[in-house]
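Data from target-v9.cif: mmCIF, C-alpha atoms
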data_data
#
loop_
_atom_site.group_PDB
_atom_site.id
_atom_site.type_symbol
_atom_site.label_atom_id
_atom_site.label_comp_id
_atom_site.auth_asym_id
_atom_site.auth_seq_id
_atom_site.Cartn_x
_atom_site.Cartn_y
_atom_site.Cartn_z
ATOM 1 C CA MET A 469 -0.670 -7.636 0.873
ATOM 2 C CA GLY A 470 -2.346 -10.865 1.609
ATOM 3 C CA ARG A 471 -2.116 -13.952 3.703
ATOM 4 C CA ALA A 472 -3.911 -14.051 7.020
ATOM 5 C CA VAL A 473 -1.784 -14.576 10.077
ATOM 6 C CA THR A 474 -2.784 -17.823 11.732
ATOM 7 C CA SER A 475 -0.780 -17.392 14.888
ATOM 8 C CA ALA A 476 1.990 -15.117 16.005
ATOM 9 C CA THR A 477 3.602 -15.515 19.366
ATOM 10 C CA GLY A 478 6.370 -12.977 18.813
ATOM 11 C CA ARG A 479 7.125 -9.805 20.689
ATOM 12 C CA PHE A 480 6.451 -7.194 18.047
ATOM 13 C CA ARG A 481 3.463 -5.489 16.407
ATOM 14 C CA PRO A 482 3.231 -3.430 13.225
ATOM 15 C CA GLY A 483 4.834 -0.028 13.670
ATOM 16 C CA ASP A 484 7.239 -1.128 16.439
ATOM 17 C CA ARG A 485 10.763 0.219 15.975
ATOM 18 C CA VAL A 486 13.359 -2.545 15.929
ATOM 19 C CA LYS A 487 17.065 -3.046 15.526
ATOM 20 C CA VAL A 488 18.539 -6.114 13.837
ATOM 21 C CA LYS A 489 21.042 -7.904 16.028
ATOM 22 C CA PHE A 490 24.631 -7.829 14.891
ATOM 23 C CA GLU A 491 25.589 -11.443 15.371
ATOM 24 C CA ASP A 492 28.049 -13.605 13.542
ATOM 25 C CA ARG A 493 28.094 -17.335 14.127
ATOM 26 C CA PRO A 494 28.154 -20.459 11.996
ATOM 27 C CA GLY A 495 24.830 -21.801 10.763
ATOM 28 C CA HIS A 496 22.015 -21.421 8.262
ATOM 29 C CA LEU A 497 21.302 -17.800 9.104
ATOM 30 C CA ARG A 498 18.544 -16.156 7.047
ATOM 31 C CA THR A 499 19.350 -12.616 8.140
ATOM 32 C CA PRO A 500 21.482 -10.990 5.427
ATOM 33 C CA TRP A 501 24.792 -9.556 6.567
ATOM 34 C CA TYR A 502 24.108 -6.061 5.186
ATOM 35 C CA ILE A 503 21.047 -5.583 7.402
ATOM 36 C CA ARG A 504 22.596 -6.683 10.709
ATOM 37 C CA GLY A 505 22.885 -3.789 13.126
ATOM 38 C CA LYS A 506 20.436 -1.652 11.132
ATOM 39 C CA SER A 507 17.272 -0.045 12.499
ATOM 40 C CA GLY A 508 13.800 -0.121 10.983
ATOM 41 C CA TRP A 509 10.218 -0.926 11.891
ATOM 42 C CA ILE A 510 7.777 -3.827 11.766
ATOM 43 C CA GLU A 511 5.718 -3.507 8.607
ATOM 44 C CA LYS A 512 3.771 -6.762 8.938
ATOM 45 C CA VAL A 513 3.586 -9.843 11.145
ATOM 46 C CA TYR A 514 3.667 -12.965 8.970
ATOM 47 C CA GLY A 515 3.107 -15.477 11.747
ATOM 48 C CA ASP A 516 5.006 -18.382 13.260
ATOM 49 C CA PHE A 517 7.260 -20.573 11.136
ATOM 50 C CA LEU A 518 9.599 -23.465 11.781
ATOM 51 C CA ASN A 519 13.069 -22.157 12.548
ATOM 52 C CA PRO A 520 15.300 -22.598 9.467
ATOM 53 C CA GLU A 521 18.428 -22.454 11.619
ATOM 54 C CA SER A 522 17.292 -25.768 13.123
ATOM 55 C CA LEU A 523 15.642 -27.291 10.021
ATOM 56 C CA ALA A 524 18.824 -26.892 7.974
ATOM 57 C CA PHE A 525 20.590 -29.343 10.263
ATOM 58 C CA GLY A 526 17.912 -32.024 10.138
ATOM 59 C CA LYS A 527 16.254 -30.965 13.400
ATOM 60 C CA ASP A 528 12.562 -30.284 14.003
ATOM 61 C CA GLY A 529 12.595 -26.479 13.647
ATOM 62 C CA LEU A 530 10.929 -26.087 17.037
ATOM 63 C CA PRO A 531 10.163 -23.844 18.756
ATOM 64 C CA LYS A 532 8.653 -21.905 15.875
ATOM 65 C CA LYS A 533 9.817 -18.349 15.358
ATOM 66 C CA THR A 534 7.619 -15.418 14.425
ATOM 67 C CA LEU A 535 8.511 -13.993 11.028
ATOM 68 C CA TYR A 536 8.122 -10.299 10.303
ATOM 69 C CA LEU A 537 8.314 -8.088 7.282
ATOM 70 C CA VAL A 538 10.734 -5.442 8.509
ATOM 71 C CA ALA A 539 11.045 -2.123 6.681
ATOM 72 C CA PHE A 540 14.120 0.071 6.473
ATOM 73 C CA ASN A 541 14.739 3.422 4.872
ATOM 74 C CA GLN A 542 17.235 2.903 2.070
ATOM 75 C CA ALA A 543 19.095 5.958 3.319
ATOM 76 C CA ASP A 544 19.487 4.341 6.774
ATOM 77 C CA VAL A 545 20.919 1.088 5.392
ATOM 78 C CA TRP A 546 23.561 2.393 3.035
ATOM 79 C CA GLU A 547 25.950 5.117 3.984
ATOM 80 C CA LYS A 548 25.106 7.127 0.924
ATOM 81 C CA SER A 549 22.262 9.288 -0.248
ATOM 82 C CA ALA A 550 19.194 7.553 -1.566
ATOM 83 C CA VAL A 551 15.817 8.752 -2.762
ATOM 84 C CA PRO A 552 14.179 9.585 0.605
ATOM 85 C CA LYS A 553 11.014 7.549 -0.043
ATOM 86 C CA ASP A 554 12.774 4.335 -1.020
ATOM 87 C CA LYS A 555 12.502 1.348 1.294
ATOM 88 C CA LEU A 556 14.158 -1.987 1.765
ATOM 89 C CA LEU A 557 11.959 -4.771 3.149
ATOM 90 C CA VAL A 558 13.454 -7.901 4.631
ATOM 91 C CA ASP A 559 11.819 -10.981 6.173
ATOM 92 C CA ILE A 560 13.360 -11.417 9.620
ATOM 93 C CA TYR A 561 12.641 -13.826 12.504
ATOM 94 C CA ASP A 562 11.858 -12.618 16.002
ATOM 95 C CA HIS A 563 15.083 -13.787 17.639
ATOM 96 C CA TRP A 564 17.120 -11.567 15.309
ATOM 97 C CA LEU A 565 15.356 -8.395 16.448
ATOM 98 C CA GLU A 566 15.617 -6.225 19.519
ATOM 99 C CA PRO A 567 13.186 -3.466 20.510
ATOM 100 C CA LEU A 568 14.095 0.152 19.964
ATOM 101 C CA ALA A 569 12.606 2.842 22.142
ATOM 102 C CA MET B 1097 21.847 -40.198 -23.344
ATOM 103 C CA ALA B 1098 23.752 -39.242 -26.514
ATOM 104 C CA ASP B 1099 26.138 -36.860 -24.791
ATOM 105 C CA SER B 1100 27.400 -39.365 -22.303
ATOM 106 C CA VAL B 1101 29.848 -42.179 -21.941
ATOM 107 C CA THR B 1102 29.564 -45.261 -19.770
ATOM 108 C CA ASP B 1103 32.557 -45.846 -17.538
ATOM 109 C CA ALA B 1104 33.991 -49.007 -16.007
ATOM 110 C CA ASP B 1105 31.545 -49.000 -13.111
ATOM 111 C CA GLY B 1106 28.604 -48.974 -15.520
ATOM 112 C CA HIS B 1107 27.560 -45.428 -14.684
ATOM 113 C CA GLU B 1108 26.742 -42.913 -17.382
ATOM 114 C CA HIS B 1109 28.602 -39.620 -17.275
ATOM 115 C CA PRO B 1110 28.307 -36.577 -19.533
ATOM 116 C CA LYS B 1111 31.329 -36.109 -21.819
ATOM 117 C CA HIS B 1112 32.047 -32.501 -20.936
ATOM 118 C CA GLU B 1113 33.939 -31.622 -17.789
ATOM 119 C CA LEU B 1114 31.640 -31.179 -14.796
ATOM 120 C CA SER B 1115 32.096 -28.914 -11.847
ATOM 121 C CA HIS B 1116 32.667 -30.397 -8.421
ATOM 122 C CA PHE B 1117 29.059 -29.747 -7.446
ATOM 123 C CA ALA B 1118 27.643 -31.217 -10.653
ATOM 124 C CA LYS B 1119 29.695 -34.379 -10.094
ATOM 125 C CA ARG B 1120 28.354 -34.615 -6.590
ATOM 126 C CA ILE B 1121 24.764 -34.237 -7.826
ATOM 127 C CA TYR B 1122 25.231 -37.012 -10.396
ATOM 128 C CA ALA B 1123 26.784 -39.255 -7.777
ATOM 129 C CA ILE B 1124 23.925 -38.697 -5.329
ATOM 130 C CA ARG B 1125 21.355 -39.233 -8.082
ATOM 131 C CA GLU B 1126 22.937 -42.518 -9.116
ATOM 132 C CA LEU B 1127 23.108 -43.741 -5.548
ATOM 133 C CA LEU B 1128 19.459 -42.874 -4.906
ATOM 134 C CA VAL B 1129 18.442 -44.823 -8.010
ATOM 135 C CA GLU B 1130 20.763 -47.759 -7.233
ATOM 136 C CA LYS B 1131 19.376 -48.054 -3.726
ATOM 137 C CA GLY B 1132 15.813 -47.852 -5.007
ATOM 138 C CA VAL B 1133 14.933 -44.641 -3.131
ATOM 139 C CA ILE B 1134 13.746 -43.046 -6.366
ATOM 140 C CA SER B 1135 13.580 -44.246 -9.961
ATOM 141 C CA GLU B 1136 14.842 -42.708 -13.204
ATOM 142 C CA LYS B 1137 11.173 -42.284 -14.097
ATOM 143 C CA ASP B 1138 10.554 -40.258 -10.920
ATOM 144 C CA ILE B 1139 13.431 -37.967 -11.860
ATOM 145 C CA GLN B 1140 12.152 -37.505 -15.401
ATOM 146 C CA CYS B 1141 8.615 -36.796 -14.182
ATOM 147 C CA GLN B 1142 9.940 -34.197 -11.770
ATOM 148 C CA ILE B 1143 12.015 -32.521 -14.495
ATOM 149 C CA GLU B 1144 8.945 -32.361 -16.729
ATOM 150 C CA TYR B 1145 6.855 -30.957 -13.887
ATOM 151 C CA GLN B 1146 9.475 -28.279 -13.171
ATOM 152 C CA GLU B 1147 9.762 -27.342 -16.848
ATOM 153 C CA ALA B 1148 5.976 -27.087 -17.236
ATOM 154 C CA ARG B 1149 5.819 -24.204 -14.773
ATOM 155 C CA THR B 1150 6.466 -20.996 -16.682
ATOM 156 C CA PRO B 1151 5.917 -17.241 -16.367
ATOM 157 C CA ALA B 1152 2.815 -17.744 -18.568
ATOM 158 C CA ASN B 1153 1.060 -18.863 -15.375
ATOM 159 C CA GLY B 1154 1.900 -15.558 -13.729
ATOM 160 C CA ALA B 1155 0.775 -13.618 -16.801
ATOM 161 C CA LYS B 1156 -2.627 -15.342 -16.637
ATOM 162 C CA LEU B 1157 -3.015 -14.392 -12.977
ATOM 163 C CA VAL B 1158 -2.006 -10.782 -13.604
ATOM 164 C CA ALA B 1159 -4.249 -10.315 -16.660
ATOM 165 C CA ARG B 1160 -7.203 -11.775 -14.767
ATOM 166 C CA ALA B 1161 -6.466 -9.506 -11.800
ATOM 167 C CA TRP B 1162 -6.429 -6.494 -14.140
ATOM 168 C CA THR B 1163 -9.793 -7.366 -15.663
ATOM 169 C CA ASP B 1164 -11.638 -8.847 -12.683
ATOM 170 C CA PRO B 1165 -11.533 -6.758 -9.466
ATOM 171 C CA ALA B 1166 -13.093 -9.522 -7.374
ATOM 172 C CA PHE B 1167 -10.408 -11.953 -8.546
ATOM 173 C CA LYS B 1168 -7.710 -9.373 -7.822
ATOM 174 C CA ALA B 1169 -8.979 -9.093 -4.249
ATOM 175 C CA ARG B 1170 -8.866 -12.890 -3.887
ATOM 176 C CA PHE B 1171 -5.404 -13.090 -5.506
ATOM 177 C CA ILE B 1172 -4.052 -10.588 -2.987
ATOM 178 C CA ALA B 1173 -5.889 -12.070 0.009
ATOM 179 C CA ASP B 1174 -5.048 -15.715 -0.709
ATOM 180 C CA PRO B 1175 -2.658 -16.266 -3.633
ATOM 181 C CA LYS B 1176 -2.641 -20.063 -3.304
ATOM 182 C CA ALA B 1177 -6.421 -20.279 -3.531
ATOM 183 C CA ALA B 1178 -6.485 -17.868 -6.487
ATOM 184 C CA CYS B 1179 -3.899 -20.026 -8.278
ATOM 185 C CA ALA B 1180 -5.967 -23.155 -7.648
ATOM 186 C CA GLU B 1181 -8.991 -21.363 -9.080
ATOM 187 C CA MET B 1182 -6.992 -20.720 -12.285
ATOM 188 C CA GLY B 1183 -5.757 -24.303 -12.488
ATOM 189 C CA ILE B 1184 -2.240 -23.354 -11.409
ATOM 190 C CA ASP B 1185 -0.646 -25.749 -8.941
ATOM 191 C CA ALA B 1186 0.911 -23.469 -6.333
ATOM 192 C CA THR B 1187 0.870 -26.033 -3.564
ATOM 193 C CA ALA B 1188 4.183 -25.574 -1.821
ATOM 194 C CA ILE B 1189 5.460 -25.222 1.665
ATOM 195 C CA ASN B 1190 6.151 -21.550 1.077
ATOM 196 C CA GLU B 1191 3.613 -18.787 1.417
ATOM 197 C CA PHE B 1192 3.047 -16.364 -1.429
ATOM 198 C CA VAL B 1193 2.542 -12.636 -1.142
ATOM 199 C CA VAL B 1194 1.373 -10.402 -3.986
ATOM 200 C CA LEU B 1195 2.962 -6.952 -4.160
ATOM 201 C CA GLU B 1196 0.668 -4.575 -6.004
ATOM 202 C CA ASN B 1197 2.342 -1.784 -7.931
ATOM 203 C CA SER B 1198 0.718 1.614 -8.341
ATOM 204 C CA GLU B 1199 1.560 4.929 -9.993
ATOM 205 C CA LYS B 1200 3.275 5.944 -6.761
ATOM 206 C CA VAL B 1201 4.852 2.636 -5.651
ATOM 207 C CA ARG B 1202 6.974 0.051 -7.448
ATOM 208 C CA HIS B 1203 8.105 -3.241 -5.913
ATOM 209 C CA MET B 1204 11.148 -5.262 -6.825
ATOM 210 C CA VAL B 1205 12.058 -8.752 -5.577
ATOM 211 C CA VAL B 1206 15.432 -10.326 -4.873
ATOM 212 C CA CYS B 1207 16.862 -13.035 -2.667
ATOM 213 C CA THR B 1208 20.280 -11.829 -1.585
ATOM 214 C CA LEU B 1209 21.023 -15.076 0.257
ATOM 215 C CA CYS B 1210 20.384 -17.519 -2.588
ATOM 216 C CA SER B 1211 17.692 -17.602 -5.265
ATOM 217 C CA CYS B 1212 14.321 -17.833 -3.514
ATOM 218 C CA TYR B 1213 11.698 -17.276 -6.181
ATOM 219 C CA PRO B 1214 7.989 -18.100 -6.610
ATOM 220 C CA ARG B 1215 8.854 -21.209 -8.645
ATOM 221 C CA PRO B 1216 5.503 -22.973 -8.305
ATOM 222 C CA ILE B 1217 3.937 -19.995 -10.101
ATOM 223 C CA LEU B 1218 6.674 -18.585 -12.344
ATOM 224 C CA GLY B 1219 8.925 -21.598 -12.893
ATOM 225 C CA ARG B 1220 12.678 -21.345 -12.700
ATOM 226 C CA PRO B 1221 14.258 -17.943 -12.110
ATOM 227 C CA PRO B 1222 16.345 -16.355 -14.874
ATOM 228 C CA ASP B 1223 20.109 -16.730 -14.513
ATOM 229 C CA TRP B 1224 20.602 -13.034 -13.812
ATOM 230 C CA TYR B 1225 18.264 -13.307 -10.807
ATOM 231 C CA LYS B 1226 20.771 -15.700 -9.235
ATOM 232 C CA SER B 1227 23.863 -13.655 -10.134
ATOM 233 C CA PHE B 1228 25.949 -11.952 -7.449
ATOM 234 C CA ASN B 1229 25.654 -8.769 -9.481
ATOM 235 C CA TYR B 1230 21.851 -8.614 -9.241
ATOM 236 C CA ARG B 1231 21.786 -9.820 -5.648
ATOM 237 C CA GLN B 1232 24.181 -7.083 -4.565
ATOM 238 C CA ARG B 1233 22.932 -4.197 -6.673
ATOM 239 C CA SER B 1234 19.177 -4.764 -6.376
ATOM 240 C CA VAL B 1235 19.236 -3.909 -2.680
ATOM 241 C CA ALA B 1236 21.805 -1.114 -2.832
ATOM 242 C CA ASP B 1237 20.879 0.532 -6.140
ATOM 243 C CA PRO B 1238 17.438 -0.650 -7.266
ATOM 244 C CA ARG B 1239 16.841 2.382 -9.431
ATOM 245 C CA GLY B 1240 20.099 1.737 -11.251
ATOM 246 C CA VAL B 1241 19.016 -1.852 -11.946
ATOM 247 C CA MET B 1242 15.576 -0.727 -13.128
ATOM 248 C CA ARG B 1243 17.213 1.801 -15.425
ATOM 249 C CA GLU B 1244 19.098 -1.029 -17.121
ATOM 250 C CA PHE B 1245 15.751 -2.734 -17.747
ATOM 251 C CA GLY B 1246 14.473 0.500 -19.303
ATOM 252 C CA LEU B 1247 12.490 1.795 -16.338
ATOM 253 C CA GLU B 1248 13.331 5.328 -15.243
ATOM 254 C CA LEU B 1249 11.300 6.406 -12.229
ATOM 255 C CA PRO B 1250 10.889 9.944 -10.893
ATOM 256 C CA ASP B 1251 11.822 10.556 -7.239
ATOM 257 C CA ASP B 1252 8.194 10.904 -6.149
ATOM 258 C CA VAL B 1253 7.659 7.206 -6.898
ATOM 259 C CA GLU B 1254 8.566 5.004 -3.930
ATOM 260 C CA VAL B 1255 10.735 1.971 -4.708
ATOM 261 C CA ARG B 1256 10.262 -0.934 -2.320
ATOM 262 C CA VAL B 1257 12.796 -3.730 -2.640
ATOM 263 C CA HIS B 1258 11.819 -7.035 -1.033
ATOM 264 C CA ASP B 1259 14.637 -9.336 0.018
ATOM 265 C CA SER B 1260 12.893 -12.717 0.233
ATOM 266 C CA THR B 1261 15.169 -14.336 2.759
ATOM 267 C CA ALA B 1262 12.769 -16.650 4.555
ATOM 268 C CA ASP B 1263 9.434 -18.476 4.114
ATOM 269 C CA ILE B 1264 7.614 -15.980 1.890
ATOM 270 C CA ARG B 1265 7.784 -15.893 -1.918
ATOM 271 C CA TYR B 1266 6.843 -12.637 -3.615
ATOM 272 C CA ILE B 1267 5.235 -11.944 -6.940
ATOM 273 C CA VAL B 1268 4.751 -8.409 -8.244
ATOM 274 C CA LEU B 1269 1.384 -7.396 -9.672
ATOM 275 C CA PRO B 1270 2.514 -4.853 -12.243
ATOM 276 C CA LEU B 1271 0.604 -1.726 -13.158
ATOM 277 C CA ARG B 1272 -1.871 -2.160 -15.998
ATOM 278 C CA PRO B 1273 -0.508 -0.196 -18.976
ATOM 279 C CA ALA B 1274 -2.419 2.926 -19.951
ATOM 280 C CA GLY B 1275 -4.687 2.633 -22.967
ATOM 281 C CA THR B 1276 -5.514 -1.051 -22.431
ATOM 282 C CA GLU B 1277 -8.882 -0.471 -20.751
ATOM 283 C CA ASN B 1278 -10.852 -2.350 -23.402
ATOM 284 C CA TRP B 1279 -8.384 -5.178 -23.962
ATOM 285 C CA ARG B 1280 -9.268 -8.821 -23.471
ATOM 286 C CA ALA B 1281 -7.354 -10.811 -20.846
ATOM 287 C CA ALA B 1282 -5.804 -13.000 -23.577
ATOM 288 C CA ASP B 1283 -4.121 -9.934 -25.130
ATOM 289 C CA LEU B 1284 -3.212 -8.387 -21.788
ATOM 290 C CA GLU B 1285 -1.310 -11.569 -20.895
ATOM 291 C CA LYS B 1286 1.137 -10.798 -23.709
ATOM 292 C CA LEU B 1287 2.137 -7.571 -21.937
ATOM 293 C CA VAL B 1288 3.024 -9.337 -18.671
ATOM 294 C CA THR B 1289 6.676 -10.307 -18.830
ATOM 295 C CA ARG B 1290 8.477 -12.460 -16.322
ATOM 296 C CA ASP B 1291 10.652 -9.467 -15.434
ATOM 297 C CA SER B 1292 7.601 -7.306 -14.705
ATOM 298 C CA MET B 1293 6.527 -9.889 -12.105
ATOM 299 C CA ILE B 1294 10.006 -9.710 -10.514
ATOM 300 C CA GLY B 1295 9.508 -5.962 -10.630
ATOM 301 C CA VAL B 1296 12.614 -4.793 -12.452
ATOM 302 C CA MET B 1297 10.423 -3.363 -15.216
ATOM 303 C CA ASP B 1298 6.810 -2.406 -15.885
ATOM 304 C CA ALA B 1299 4.482 -4.473 -18.053
ATOM 305 C CA LEU B 1300 4.997 -3.835 -21.752
ATOM 306 C CA PRO B 1301 3.063 -0.896 -23.219
ATOM 307 C CA GLU B 1302 2.179 -2.892 -26.336
ATOM 308 C CA ILE B 1303 2.239 -6.471 -27.615
ATOM 309 C CA PRO B 1304 5.752 -7.313 -28.813
ATOM 310 C CA GLN B 1305 6.115 -8.176 -32.502
#
The structure in this file should be written as structure tokens.
Amino acid sequence: MGRAVTSATGRFRPGDRVKVKFEDRPGHLRTPWYIRGKSGWIEKVYGDFLNPESLAFGKDGLPKKTLYLVAFNQADVWEKSAVPKDKLLVDIYDHWLEPLA
Amino acid sequence: MADSVTDADGHEHPKHELSHFAKRIYAIRELLVEKGVISEKDIQCQIEYQEARTPANGAKLVARAWTDPAFKARFIADPKAACAEMGIDATAINEFVVLENSEKVRHMVVCTLCSCYPRPILGRPPDWYKSFNYRQRSVADPRGVMREFGLELPDDVEVRVHDSTADIRYIVLPLRPAGTENWRAADLEKLVTRDSMIGVMDALPEIPQ
């Protein structure tokens, strides 16, 4: 997969285990509901982007947030059996993730 | 506009009943024109520009990638530059990422939050892409969705569903169909459907009649 990362100030590196925060608040939140609270790993660091939660309300989107491609096992996301190899990949910003040991 | 009537305030309105949101769009459009922010000509030019972008652009990129390994490497490394090279205007604020399918991996793209789609390359998404049905089932049961598009995958093939929720737009580079090794790019393009670049199906095995 392409696209060089120009800059990434975030906390995570490929392979790091992460958990998606389970937060619910008003706003232009780009983290889908079904993935909140789920655990996966950083597949790729996409770099720093303006924060859509700020942009959506006419603000400047600063400070930028690092965007990651986060991978999840299908079987870990849905409480049902799935083909073991299958993955779900979601683009998630740094502030929605917490480190997992 | 033949299908419209002009009301007492001099504004044109379509005859059929509009939804709340459509009414709001028309009202905003009329205000923008009235206040001179944009012109009717600007709107028409933009509509024509949007309509000119079609999945045929994607098919050209895919067929070239299948036949030209150096181009494929550039397409994957820098999709915007590869599009520019092919005369496709992919200048947009979003970044593009190419997901390359293989015998052992298939990718499928959805936006569960709305309808994010690589519009500058593929044009407007199909209606089903925006439906709640697809947006729910593609993430929870991708193999079931693929089956409805005629693609039955064995369990040793990994299915990777991408939920494009943020700044990245994804385009699938489908697998080149077997038996097409000697085909010209112009014929290969006919095998590359819009749906194969969303990833719900493979490229066609033969040119449709």
Open item on the list: Just checking: using only C-alpha atoms, which residue out of A:Leu518, A:Val488, A:Leu568, A:Ala524 ends up closest to chain B?
Closed with: A:Leu518
Task: Residues selected by the PyMOL selection byres ((chain B and resi 1250-1264) around 9), written as a PyMOL selection string - done: (chain A and resi 498-500+514+517+520+535+551-561) or (chain B and resi 1189-1193+1199-1214+1234-1235+1238-1239+1248-1249+1265-1266+1295)
Open item on the list: Going by the chain IDs and residue numbers used in this file, which residues fall under the PyMOL selection byres ((chain B and resi 1149-1153) around 12)? Write them as number ranges by chain.
Closed with: B: 1142-1148, 1154-1160, 1178-1180, 1182-1186, 1213-1222, 1267, 1282, 1284-1294
TODO: Find the residue from B:Ala1281, B:Val1268, B:Ala1118, B:Val1241 that sits nearest to chain A; use only C-alpha atoms when measuring.
DONE: B:Val1268
- [ ] To one decimal in Å, tell me the separation between CA of Ala1274 (chain B) and CA of Phe1171 (chain B).
- [x]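 CA of Phe1171 (chain B) lies 21.8 Å from CA of Ala1274 (chain B).
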